[in-house]
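Q: Structure file my_file_31.pdb, PDB, C-alpha atoms, pLDDT in the B column, is pasted below:
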```pdb
MODEL        1
ATOM      1  CA  MET A   1     110.224 112.310 110.295  1.00 80.00           C
ATOM      2  CA  MET A   2     107.374 109.960 109.452  1.00 88.00           C
ATOM      3  CA  GLN A   3     104.281 109.080 111.407  1.00 92.00           C
ATOM      4  CA  HIS A   4     102.269 105.992 110.465  1.00 91.00           C
ATOM      5  CA  PHE A   5      98.536 105.830 111.058  1.00 94.00           C
ATOM      6  CA  VAL A   6      98.158 102.113 110.454  1.00 94.00           C
ATOM      7  CA  ARG A   7      94.550 101.749 111.559  1.00 94.00           C
ATOM      8  CA  PRO A   8      92.998 104.922 112.946  1.00 94.00           C
ATOM      9  CA  GLU A   9      89.943 104.428 115.117  1.00 94.00           C
ATOM     10  CA  GLY A  10      86.892 103.838 112.947  1.00 95.00           C
ATOM     11  CA  SER A  11      88.826 102.690 109.889  1.00 94.00           C
ATOM     12  CA  PRO A  12      88.620  99.201 108.357  1.00 95.00           C
ATOM     13  CA  PRO A  13      91.217  96.477 109.013  1.00 94.00           C
ATOM     14  CA  VAL A  14      94.486  96.534 107.067  1.00 92.00           C
ATOM     15  CA  ASN A  15      96.802  93.878 105.688  1.00 92.00           C
ATOM     16  CA  GLY A  16     100.306  95.254 105.513  1.00 92.00           C
ATOM     17  CA  TYR A  17      99.669  98.933 104.838  1.00 95.00           C
ATOM     18  CA  SER A  18      98.919 102.131 106.753  1.00 94.00           C
ATOM     19  CA  HIS A  19      95.738 104.071 106.128  1.00 94.00           C
ATOM     20  CA  ALA A  20      97.840 107.252 106.233  1.00 95.00           C
ATOM     21  CA  VAL A  21     101.457 108.322 106.620  1.00 94.00           C
ATOM     22  CA  SER A  22     102.604 111.869 107.338  1.00 92.00           C
ATOM     23  CA  CYS A  23     106.155 112.963 106.661  1.00 90.00           C
ATOM     24  CA  ALA A  24     108.619 115.819 106.569  1.00 88.00           C
ATOM     25  CA  GLY A  25     111.670 116.134 104.343  1.00 86.00           C
ATOM     26  CA  ARG A  26     112.477 116.160 100.660  1.00 93.00           C
ATOM     27  CA  VAL A  27     110.045 114.059  98.649  1.00 95.00           C
ATOM     28  CA  VAL A  28     111.346 111.438  96.232  1.00 97.00           C
ATOM     29  CA  ALA A  29     109.076 110.115  93.466  1.00 97.00           C
ATOM     30  CA  VAL A  30     110.163 106.796  91.974  1.00 98.00           C
ATOM     31  CA  SER A  31     108.816 105.773  88.589  1.00 98.00           C
ATOM     32  CA  GLY A  32     107.255 102.361  88.163  1.00 98.00           C
ATOM     33  CA  GLN A  33     109.942  99.723  88.564  1.00 98.00           C
ATOM     34  CA  VAL A  34     109.689  96.477  86.619  1.00 98.00           C
ATOM     35  CA  PRO A  35     111.437  93.091  86.906  1.00 98.00           C
ATOM     36  CA  VAL A  36     114.531  93.770  84.796  1.00 98.00           C
ATOM     37  CA  ASP A  37     118.139  93.768  85.921  1.00 98.00           C
ATOM     38  CA  SER A  38     120.784  96.441  85.332  1.00 97.00           C
ATOM     39  CA  GLU A  39     121.407  95.017  81.852  1.00 97.00           C
ATOM     40  CA  GLY A  40     117.709  95.333  80.957  1.00 97.00           C
ATOM     41  CA  GLN A  41     117.106  91.579  81.091  1.00 98.00           C
ATOM     42  CA  LEU A  42     113.855  90.116  82.413  1.00 98.00           C
ATOM     43  CA  VAL A  43     114.256  88.446  85.812  1.00 98.00           C
ATOM     44  CA  GLY A  44     111.959  85.604  86.887  1.00 98.00           C
ATOM     45  CA  GLU A  45     109.883  84.879  83.808  1.00 97.00           C
ATOM     46  CA  GLY A  46     106.711  83.195  85.086  1.00 97.00           C
ATOM     47  CA  ASP A  47     107.898  83.521  88.722  1.00 98.00           C
ATOM     48  CA  ALA A  48     106.001  86.236  90.588  1.00 98.00           C
ATOM     49  CA  GLU A  49     108.185  86.131  93.695  1.00 98.00           C
ATOM     50  CA  ALA A  50     111.418  86.464  91.706  1.00 98.00           C
ATOM     51  CA  GLN A  51     109.900  89.373  89.809  1.00 98.00           C
ATOM     52  CA  VAL A  52     108.802  91.163  92.990  1.00 98.00           C
ATOM     53  CA  ARG A  53     112.293  90.665  94.457  1.00 98.00           C
ATOM     54  CA  GLN A  54     113.852  92.288  91.384  1.00 98.00           C
ATOM     55  CA  VAL A  55     111.369  95.160  91.528  1.00 98.00           C
ATOM     56  CA  TYR A  56     112.274  95.769  95.189  1.00 98.00           C
ATOM     57  CA  ALA A  57     115.975  95.692  94.274  1.00 98.00           C
ATOM     58  CA  ASN A  58     115.297  98.300  91.590  1.00 98.00           C
ATOM     59  CA  LEU A  59     113.276 100.422  94.028  1.00 98.00           C
ATOM     60  CA  ALA A  60     116.135 100.291  96.536  1.00 98.00           C
ATOM     61  CA  THR A  61     118.647 101.357  93.876  1.00 98.00           C
ATOM     62  CA  ALA A  62     116.489 104.256  92.691  1.00 98.00           C
ATOM     63  CA  LEU A  63     115.807 105.428  96.242  1.00 97.00           C
ATOM     64  CA  GLN A  64     119.483 105.245  97.198  1.00 96.00           C
ATOM     65  CA  SER A  65     120.414 107.404  94.209  1.00 96.00           C
ATOM     66  CA  ALA A  66     118.045 110.081  95.526  1.00 95.00           C
ATOM     67  CA  GLY A  67     119.267 109.906  99.128  1.00 94.00           C
ATOM     68  CA  SER A  68     116.514 107.697 100.500  1.00 95.00           C
ATOM     69  CA  ASP A  69     115.814 104.023 101.134  1.00 96.00           C
ATOM     70  CA  LEU A  70     112.978 101.529 101.542  1.00 96.00           C
ATOM     71  CA  GLU A  71     112.582 102.504 105.212  1.00 94.00           C
ATOM     72  CA  HIS A  72     111.526 105.994 104.107  1.00 95.00           C
ATOM     73  CA  VAL A  73     108.845 104.926 101.612  1.00 97.00           C
ATOM     74  CA  VAL A  74     105.613 106.778 102.304  1.00 96.00           C
ATOM     75  CA  LYS A  75     103.391 105.362  99.536  1.00 98.00           C
ATOM     76  CA  LEU A  76     103.498 102.424  97.135  1.00 98.00           C
ATOM     77  CA  THR A  77     101.332 101.735  94.122  1.00 98.00           C
ATOM     78  CA  VAL A  78     101.472  98.093  93.084  1.00 98.00           C
ATOM     79  CA  TYR A  79     100.269  96.837  89.713  1.00 98.00           C
ATOM     80  CA  LEU A  80      99.723  93.071  89.373  1.00 98.00           C
ATOM     81  CA  THR A  81      98.572  91.278  86.252  1.00 98.00           C
ATOM     82  CA  ASP A  82      97.283  88.348  88.345  1.00 98.00           C
ATOM     83  CA  LEU A  83      95.865  88.648  91.859  1.00 98.00           C
ATOM     84  CA  GLN A  84      97.188  85.127  92.537  1.00 98.00           C
ATOM     85  CA  ASP A  85     100.559  86.911  92.874  1.00 98.00           C
ATOM     86  CA  LEU A  86      99.366  88.926  95.887  1.00 98.00           C
ATOM     87  CA  ALA A  87     100.813  86.456  98.415  1.00 98.00           C
ATOM     88  CA  ALA A  88     104.238  86.613  96.714  1.00 98.00           C
ATOM     89  CA  PHE A  89     104.119  90.409  96.782  1.00 98.00           C
ATOM     90  CA  ARG A  90     103.238  90.431 100.493  1.00 97.00           C
ATOM     91  CA  ARG A  91     106.032  87.980 101.390  1.00 97.00           C
ATOM     92  CA  VAL A  92     108.683  90.069  99.665  1.00 98.00           C
ATOM     93  CA  ARG A  93     107.239  93.377 100.886  1.00 97.00           C
ATOM     94  CA  ASP A  94     107.378  92.179 104.489  1.00 95.00           C
ATOM     95  CA  GLU A  95     111.070  91.261 104.066  1.00 96.00           C
ATOM     96  CA  HIS A  96     111.906  94.767 102.889  1.00 96.00           C
ATOM     97  CA  GLN A  97     109.575  96.994 104.886  1.00 94.00           C
ATOM     98  CA  ASP A  98     108.746  97.007 108.581  1.00 92.00           C
ATOM     99  CA  PRO A  99     105.284  95.423 108.993  1.00 90.00           C
ATOM    100  CA  ALA A 100     104.777  97.560 112.120  1.00 92.00           C
ATOM    101  CA  ARG A 101     105.357 100.768 110.088  1.00 93.00           C
ATOM    102  CA  PRO A 102     104.077 100.002 106.597  1.00 95.00           C
ATOM    103  CA  PRO A 103     103.694 102.657 103.920  1.00 96.00           C
ATOM    104  CA  ALA A 104     100.341 103.675 102.535  1.00 97.00           C
ATOM    105  CA  CYS A 105      99.617 101.427  99.573  1.00 97.00           C
ATOM    106  CA  SER A 106      97.305 100.975  96.621  1.00 98.00           C
ATOM    107  CA  LEU A 107      97.190  97.689  94.732  1.00 98.00           C
ATOM    108  CA  VAL A 108      95.604  97.407  91.316  1.00 98.00           C
ATOM    109  CA  GLN A 109      95.066  94.461  89.011  1.00 98.00           C
ATOM    110  CA  VAL A 110      95.872  95.412  85.426  1.00 98.00           C
ATOM    111  CA  VAL A 111      95.284  93.636  82.138  1.00 98.00           C
ATOM    112  CA  GLY A 112      98.935  93.928  81.207  1.00 98.00           C
ATOM    113  CA  LEU A 113     102.158  95.870  81.598  1.00 98.00           C
ATOM    114  CA  VAL A 114     104.588  97.274  79.027  1.00 97.00           C
ATOM    115  CA  HIS A 115     106.158  93.805  78.460  1.00 98.00           C
ATOM    116  CA  PRO A 116     103.847  90.769  78.311  1.00 97.00           C
ATOM    117  CA  ALA A 117     106.099  88.745  80.666  1.00 98.00           C
ATOM    118  CA  PHE A 118     106.000  91.382  83.436  1.00 98.00           C
ATOM    119  CA  ARG A 119     103.739  90.295  86.293  1.00 98.00           C
ATOM    120  CA  VAL A 120     104.390  93.293  88.585  1.00 98.00           C
ATOM    121  CA  GLU A 121     105.283  96.974  88.540  1.00 98.00           C
ATOM    122  CA  ILE A 122     105.647  99.185  91.616  1.00 98.00           C
ATOM    123  CA  ASP A 123     106.090 102.936  91.943  1.00 98.00           C
ATOM    124  CA  ALA A 124     106.848 104.729  95.175  1.00 98.00           C
ATOM    125  CA  TRP A 125     106.876 108.014  97.054  1.00 98.00           C
ATOM    126  CA  ALA A 126     109.493 108.404  99.755  1.00 97.00           C
ATOM    127  CA  VAL A 127     111.257 111.067 101.778  1.00 96.00           C
ATOM    128  CA  THR A 128     114.940 111.532 102.366  1.00 92.00           C
ATOM    129  CA  SER A 129     116.323 110.925 105.812  1.00 72.00           C
ATOM    130  CA  THR A 130     117.684 114.499 105.940  1.00 65.00           C
ATOM    131  CA  GLU A 131     116.595 117.908 104.691  1.00 55.00           C
ATOM    132  CA  ALA A 132     119.708 118.207 102.476  1.00 46.00           C
TER     133      ALA A 132
ENDMDL
END
```
Would you encode the structure as structure tokens?
A:
Amino acid sequence: MMQHFVRPEGSPPVNGYSHAVSCAGRVVAVSGQVPVDSEGQLVGEGDAEAQVRQVYANLATALQSAGSDLEHVVKLTVYLTDLQDLAAFRRVRDEHQDPARPPACSLVQVVGLVHPAFRVEIDAWAVTSTEA
């Protein structure tokens, strides 16, 4: 069970995230996912949207392996090397996560990521849909 507190009374406006999310169930921590495919090849060099799409595909795969999915994400941390990529991130995020029930989220601009061509990395906390 998850409860989203998108904008509690007295809190500032939001843009696609909840100020708080409470949950019950097994917790799943997903390491930072980067824009590489299952063969380890970079996807979308120079294309922020393609990179975010690959990162979301990797998040979905990791979550599924742990008995969860994108619907059960409680918290995201997004690392962008260029804040001009924020719109691309938001477009893809809104395709994969319910804008009415968004996870809590932090977004940070970083100087670089482990590979110079990576524009985005995202890690996540989620819960499983069952207690098992």
Q: Of the candidates A:Val92, A:Glu39, A:His72, A:His4, which one gets nearest to Ser18 (chain A) if we count only C-alpha atoms?
A: A:His4
Q: How many Å separate CA of Asp94 (chain A) from CA of Ser22 (chain A)?
A: 20.5 Å
Q: Step by step, work through what the PyMOL selection byres ((chain A and resi 89) around 10) selects in the shown file, and finish by giving those residues as a VMD selection string.
A: chain A and resid 48 to 53 56 78 80 83 to 88 90 to 94 120
Q: Quick check, in Å to one decimal: how far apart do CA of Pro12 (chain A) and CA of Thr81 (chain A) lie?
A: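 Going from CA of Pro12 (chain A) over to CA of Thr81 (chain A) covers 25.5 Å.
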Q: Out of A:Val27, A:Val43, A:Val34, A:Leu76, which residue has the shortest atom-to-atom distance to Pro102 (chain A) when counting all atoms listed in the file?
A: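 Among A:Val27, A:Val43, A:Val34, A:Leu76, it is A:Leu76 that comes nearest to Pro102 (chain A).
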Q: Interatomic distance between CA of Leu42 (chain A) and CA of Ala126 (chain A)?
A: 25.6 Å
